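Asks: The structure is given below, and queries will be raised subsequently.
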Amino acid sequence: MATDPNHIDPTQYLEELLVQASPDLMRQMLTDFINQILSAQADTICGAEYATVSENRTNSRNGYRHRALDTRVGTIDVAIPKLRSGSFFPDWLLERRSRAERALSTVIATCYLKGVSTRRMNDLVATLGIDNLSKSQVSEMAKELDQMVEDFRTRPLDQGPYSYVSCDAMTEKVREGGRVVKTSVYFVKLK
């Protein structure tokens, strides 16, 4: 009987990883954990575990599709199980045609707001361990940001009075310890 290639015995798995002491320990653990979850979901859809003969089986597996997933620990390889009939795609993990994690999207949006070019953004994410970031991916993330800005600008302000803080500053010359020095004077107004 074949065993599931993504089945993990937790104690043995951790022991092997700690013996290796790989610098990519977090990346490897995240990859294995995600692949294990996807395998369990495919087992649920098929009605039986991997390579198990069962009367309850409604579908069977047919290999894997490998997809790259960009995370904070770098790009990881996700093995998505293929089914003989129907399809299986983890919408909770991967977005179609956009594989960037939300935190990464925020970083890209911030760089976009600060005027960083798409070529420089590609160099930036390469230092984070992400293989490639296309101009179209940056544009899609910028569109999301544009929509958020538009929603903020057009929000209704009819909920009543709003408090705000007004700050200003000016530089003055003052006598301090027998010398004349420049100092800043701050004005704060709460309304």
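Order determines the names: the first chain of the structure tokens is A, the second B, and so forth; residues in each chain are numbered 1 upward, and ligands are numbered 1 upward as they are shown.
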Run DSSP on the backbone and tell me which residues of stretch 66-181 of chain A come out as alpha helix (DSSP H); list them as a ChimeraX atom specification.
Replies: /A:102-113,118-127,135-153
Asks: Per residue of stretch 15-39 of chain A within 8 Å of stretch 61-77 of chain A, which atom pair is closest and at what distance in Å (one decimal), using only C-alpha atoms, listed by chain and increasing number, as CSV?
Replies:
```
residue,atom,partner,partner_atom,distance
A:Met26,CA,A:Val73,CA,7.0
A:Arg27,CA,A:Val73,CA,5.8
A:Thr31,CA,A:Ile76,CA,6.1
```
Asks: Produce a file of the selected residues containing all heavy atoms, as a short mmCIF file (atom, residue, chain, number, x, y, z; two decimals), in the first residue's frame.
Replies:
```cif
data_model
loop_
_atom_site.label_atom_id
_atom_site.label_comp_id
_atom_site.auth_asym_id
_atom_site.auth_seq_id
_atom_site.Cartn_x
_atom_site.Cartn_y
_atom_site.Cartn_z
N MET A 26 12.20 27.81 8.40
CA MET A 26 10.82 28.32 8.41
C MET A 26 10.16 28.12 7.05
O MET A 26 8.99 27.74 6.98
CB MET A 26 10.79 29.81 8.78
CG MET A 26 11.07 30.06 10.24
SD MET A 26 9.89 29.24 11.33
CE MET A 26 8.39 30.11 10.93
N ARG A 27 10.89 28.36 5.98
CA ARG A 27 10.33 28.19 4.64
C ARG A 27 9.95 26.73 4.40
O ARG A 27 8.88 26.44 3.88
CB ARG A 27 11.34 28.67 3.60
CG ARG A 27 10.76 28.69 2.20
CD ARG A 27 11.74 29.17 1.18
NE ARG A 27 12.29 30.46 1.56
CZ ARG A 27 13.27 31.06 0.92
NH1 ARG A 27 13.84 30.50 -0.10
NH2 ARG A 27 13.70 32.22 1.32
N THR A 31 6.16 25.31 3.87
CA THR A 31 5.84 24.55 2.65
C THR A 31 5.22 23.21 3.00
O THR A 31 4.17 22.84 2.46
CB THR A 31 7.12 24.34 1.82
OG1 THR A 31 7.68 25.60 1.48
CG2 THR A 31 6.82 23.57 0.55
#
```
Asks: Among stretch 3-174 of chain A, which residues does DSSP mark as strand (DSSP E) when it is run on the backbone? Keep the chain and numbering as in the structure and answer as a PDB file with C-alpha atoms, in the first residue's frame.
Replies:
```
ATOM      1  CA  ARG A  61      -6.081  12.071  -7.432  1.00  0.00           C
ATOM      2  CA  ASN A  62      -4.084  12.605 -10.590  1.00  0.00           C
ATOM      3  CA  GLY A  63      -0.760  14.194  -9.585  1.00  0.00           C
ATOM      4  CA  TYR A  64       0.035  17.725  -8.497  1.00  0.00           C
ATOM      5  CA  ARG A  65       0.143  21.259  -9.926  1.00  0.00           C
ATOM      6  CA  HIS A  66       3.008  23.263  -8.506  1.00  0.00           C
ATOM      7  CA  ARG A  67       2.426  26.937  -7.819  1.00  0.00           C
ATOM      8  CA  ALA A  68       4.734  29.528  -6.315  1.00  0.00           C
ATOM      9  CA  LEU A  69       3.396  31.400  -3.290  1.00  0.00           C
ATOM     10  CA  ASP A  70       5.095  34.620  -2.183  1.00  0.00           C
ATOM     11  CA  THR A  71       5.258  34.912   1.609  1.00  0.00           C
ATOM     12  CA  GLY A  74      10.227  33.979   0.637  1.00  0.00           C
ATOM     13  CA  THR A  75       8.726  32.150  -2.334  1.00  0.00           C
ATOM     14  CA  ILE A  76       7.571  28.635  -1.501  1.00  0.00           C
ATOM     15  CA  ASP A  77       6.464  25.798  -3.767  1.00  0.00           C
ATOM     16  CA  VAL A  78       2.865  24.719  -3.146  1.00  0.00           C
ATOM     17  CA  ALA A  79       1.797  21.304  -4.495  1.00  0.00           C
ATOM     18  CA  ILE A  80      -1.921  21.505  -5.321  1.00  0.00           C
ATOM     19  CA  PRO A  81      -3.431  18.021  -5.759  1.00  0.00           C
ATOM     20  CA  LYS A  82      -5.118  17.414  -9.131  1.00  0.00           C
ATOM     21  CA  LEU A  83      -8.284  15.325  -9.324  1.00  0.00           C
ATOM     22  CA  VAL A 165      -5.827  68.404  16.194  1.00  0.00           C
ATOM     23  CA  SER A 166      -4.164  71.288  14.417  1.00  0.00           C
ATOM     24  CA  CYS A 167      -0.389  71.610  14.812  1.00  0.00           C
ATOM     25  CA  ASP A 168       2.043  74.244  13.647  1.00  0.00           C
ATOM     26  CA  ALA A 169       5.583  75.252  14.508  1.00  0.00           C
ATOM     27  CA  MET A 170       7.952  78.160  14.031  1.00  0.00           C
ATOM     28  CA  THR A 171      11.612  78.757  14.785  1.00  0.00           C
ATOM     29  CA  GLU A 172      12.585  81.554  17.170  1.00  0.00           C
ATOM     30  CA  LYS A 173      15.881  82.817  18.563  1.00  0.00           C
ATOM     31  CA  VAL A 174      15.914  82.707  22.368  1.00  0.00           C
TER      32      VAL A 174
END
```
Asks: So, counting only C-alpha atoms, which residue among A:Ser60, A:Thr154, A:Gln159, A:Thr106 is closest to A:Val138?
Replies: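 Of A:Ser60, A:Thr154, A:Gln159, A:Thr106, the one nearest A:Val138, counting only C-alpha atoms, is A:Thr106.
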Asks: Quick one: residues within 6 Å of A:Cys46, only C-alpha atoms counted, chain neighbours fewer than 5 positions away excluded, as an mmCIF file with all heavy atoms, in the first residue's frame?
Replies:
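Output contents, as saved in selection_28.cif:
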```cif
data_model
loop_
_atom_site.group_PDB
_atom_site.id
_atom_site.type_symbol
_atom_site.label_atom_id
_atom_site.label_comp_id
_atom_site.auth_asym_id
_atom_site.auth_seq_id
_atom_site.Cartn_x
_atom_site.Cartn_y
_atom_site.Cartn_z
ATOM 1 N N ARG A 57 -15.183 6.249 -1.779
ATOM 2 C CA ARG A 57 -14.413 7.115 -2.669
ATOM 3 C C ARG A 57 -15.310 7.628 -3.793
ATOM 4 O O ARG A 57 -15.992 6.875 -4.459
ATOM 5 C CB ARG A 57 -13.221 6.361 -3.256
ATOM 6 C CG ARG A 57 -12.378 7.231 -4.174
ATOM 7 C CD ARG A 57 -11.160 6.511 -4.686
ATOM 8 N NE ARG A 57 -10.189 6.216 -3.645
ATOM 9 C CZ ARG A 57 -9.352 7.096 -3.121
ATOM 10 N NH1 ARG A 57 -9.373 8.347 -3.546
ATOM 11 N NH2 ARG A 57 -8.506 6.746 -2.185
ATOM 12 N N THR A 58 -15.283 8.958 -3.987
ATOM 13 C CA THR A 58 -16.073 9.580 -5.059
ATOM 14 C C THR A 58 -15.183 10.118 -6.175
ATOM 15 O O THR A 58 -15.682 10.434 -7.250
ATOM 16 C CB THR A 58 -16.912 10.747 -4.490
ATOM 17 O OG1 THR A 58 -16.040 11.684 -3.869
ATOM 18 C CG2 THR A 58 -17.931 10.235 -3.485
ATOM 19 N N ASN A 59 -13.899 10.240 -5.906
ATOM 20 C CA ASN A 59 -12.952 10.791 -6.880
ATOM 21 C C ASN A 59 -11.570 10.266 -6.528
ATOM 22 O O ASN A 59 -11.372 9.704 -5.454
ATOM 23 C CB ASN A 59 -12.983 12.326 -6.824
ATOM 24 C CG ASN A 59 -12.493 12.967 -8.096
ATOM 25 O OD1 ASN A 59 -11.839 12.337 -8.919
ATOM 26 N ND2 ASN A 59 -12.806 14.235 -8.262
ATOM 27 N N SER A 60 -10.609 10.446 -7.408
ATOM 28 C CA SER A 60 -9.235 10.051 -7.093
ATOM 29 C C SER A 60 -8.283 11.120 -7.596
ATOM 30 O O SER A 60 -8.633 11.939 -8.443
ATOM 31 C CB SER A 60 -8.904 8.692 -7.702
ATOM 32 O OG SER A 60 -9.066 8.739 -9.099
#
```
Asks: Give the answer as one residue: which of A:Gly177, A:Tyr164, A:Gly129, A:Lys189 has the shortest atom-to-atom distance to A:Asp24, using only C-alpha atoms?
Replies: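 Result for the nearest residue to A:Asp24: A:Gly129.
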Asks: Could you tell me which of A:Thr183, A:Ala109, A:Trp92, A:Ala142 comes closest to A:Gln41 if we count only C-alpha atoms?
Replies: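 Using only C-alpha atoms, A:Gln41 sits closest to A:Trp92.
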Asks: Suppose you want the space between atom CA of A:Lys135 and atom CA of A:Arg153; what is it in Å?
Replies: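 Separation of atom CA of A:Lys135 and atom CA of A:Arg153: 26.5 Å.
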